[in-house]
Amino acid sequence: MPPETWLPLFEWLENTSVGTAVRNSLWVFPVIEGIHLIGLGLLGGAVLVVDLRLLGVGLKRQAPAELVRHTQPWLIGAIVLLAVTGITLFLSEAVKCYYNTSFWVKITTLPIAIIFTFTVRKWLLQRLIMDTSWQTRLLGVLSLALWFTVAAGGRWIGYS
């Protein structure tokens with residue numbers, strides 16, 4: 001749980017004009033959430049294509065670095081879309097998020113997953129050729145675990 005001193009910030013964020021407008025509208029929240037889920041699908045696809053290849057499942061004739069190069073624009077676009085819609089959704093229920101453990105799991109894991117994806121995974125994939133090894137499998141499992149935790153935390157915000 002975050003420090004009590006953060007609660008006034010979360011209350012202020014929830015009472016911004018964007019937060020109030022989304023919260024007071026019957027249809028804005030579900031539309032934004034639908035767009036957010038489309039972004040999640042795009043991100044999941046971009047991550048899965050590469051990570052499944054690292055696990056040795058499919059696209060075995062493609063070098064992992066080549067897959068990263070082709071999926072990178074989709075991944076970046078998905079992250080931008082998710083950030084814009086996620087911040088908007090957050091503003092409409094910031095105080096609820098403050099008290100929600102799932103939110104803190106997501107918001108803590110998200111920067112770790114992004115940093116891992118754009119540094120460790122990208123750096124290692126540039127050094128790999130075509131073979132699947134225990135290192136590629138470990139890399140794929142770590143990446144999938146991080147992104148799954150982010151997605152699961154996000155989904156559970158609405159249920160807790």
# chains A, B, ... in the order shown; residues from 1 in each chain; ligands from 1
>>> residues_around(residues="A:Pro30", least_positions_apart="5", cutoff="12 Å", atoms="only C-alpha atoms", output="ChimeraX atom specification")
/A:22-23,25,35-37,85,88-89,92,158
>>> select_by_dssp(residues="chain A", states="alpha helix (DSSP H)", output="count of residues only")
120
>>> closest_atom_pairs(of="stretch 105-135 of chain A", to="stretch 72-79 of chain A", cutoff="12 Å", atoms="only C-alpha atoms", output="Markdown table")
| residue | atom | partner | partner_atom | distance |
| --- | --- | --- | --- | --- |
| A:Leu110 | CA | A:Ile79 | CA | 10.3 |
| A:Pro111 | CA | A:Ile79 | CA | 11.1 |
| A:Ala113 | CA | A:Ile79 | CA | 11.2 |
| A:Ile114 | CA | A:Ile79 | CA | 8.9 |
| A:Thr117 | CA | A:Leu75 | CA | 9.8 |
| A:Phe118 | CA | A:Gln72 | CA | 9.4 |
| A:Lys122 | CA | A:Gln72 | CA | 10.0 |
>>> residues_around(residues="A:Glu93", least_positions_apart="2", cutoff="9 Å", atoms="only C-alpha atoms", output="list in words")
Phe10, Leu13, Glu14, Gly19, Arg23, Leu89, Phe90, Leu91, Val95, Lys96, Cys97 and Tyr98 of chain A
>>> write_last_selection(atoms="N, CA, C and O atoms", output="compact mmCIF listing (two decimals), in the first residue's frame")
# COMPACT_ATOMS: atom_id res chain seq x y z
N PHE A 10 -4.05 11.54 -5.20
CA PHE A 10 -5.00 10.70 -5.91
C PHE A 10 -6.40 11.33 -5.91
O PHE A 10 -7.11 11.25 -6.91
N LEU A 13 -6.24 14.11 -8.47
CA LEU A 13 -6.26 13.56 -9.83
C LEU A 13 -7.67 13.11 -10.23
O LEU A 13 -8.11 13.36 -11.36
N GLU A 14 -8.37 12.49 -9.30
CA GLU A 14 -9.72 12.03 -9.60
C GLU A 14 -10.67 13.20 -9.84
O GLU A 14 -11.63 13.08 -10.61
N GLY A 19 -11.05 13.46 -15.22
CA GLY A 19 -11.56 12.41 -14.34
C GLY A 19 -13.05 12.56 -14.08
O GLY A 19 -13.81 11.59 -14.13
N ARG A 23 -16.00 9.98 -15.39
CA ARG A 23 -16.79 9.35 -14.32
C ARG A 23 -18.28 9.69 -14.44
O ARG A 23 -19.13 8.87 -14.18
N LEU A 89 -8.56 6.42 -17.92
CA LEU A 89 -9.37 5.55 -17.06
C LEU A 89 -8.97 5.72 -15.59
O LEU A 89 -9.83 5.78 -14.71
N PHE A 90 -7.67 5.80 -15.34
CA PHE A 90 -7.18 5.99 -13.98
C PHE A 90 -7.73 7.27 -13.36
O PHE A 90 -8.16 7.28 -12.20
N LEU A 91 -7.73 8.36 -14.13
CA LEU A 91 -8.21 9.63 -13.59
C LEU A 91 -9.66 9.57 -13.13
O LEU A 91 -10.05 10.28 -12.22
N VAL A 95 -8.97 7.31 -6.70
CA VAL A 95 -9.04 6.94 -5.28
C VAL A 95 -9.29 5.44 -5.13
O VAL A 95 -8.68 4.78 -4.28
N LYS A 96 -10.14 4.88 -5.98
CA LYS A 96 -10.35 3.43 -5.98
C LYS A 96 -9.03 2.73 -6.25
O LYS A 96 -8.69 1.74 -5.59
N CYS A 97 -8.27 3.22 -7.22
CA CYS A 97 -6.97 2.63 -7.55
C CYS A 97 -6.00 2.72 -6.38
O CYS A 97 -5.21 1.80 -6.14
N TYR A 98 -6.04 3.83 -5.67
CA TYR A 98 -5.14 4.01 -4.53
C TYR A 98 -5.29 2.87 -3.53
O TYR A 98 -4.30 2.38 -2.98
>>> closest_residue(among="A:Ser160, A:Thr149, A:Ser133, A:Thr109", to="A:Leu54", atoms="only C-alpha atoms")
A:Ser133
>>> closest_residue(among="A:Arg137, A:Ala152, A:Leu82, A:Leu146", to="A:Val57", atoms="only C-alpha atoms")
A:Arg137
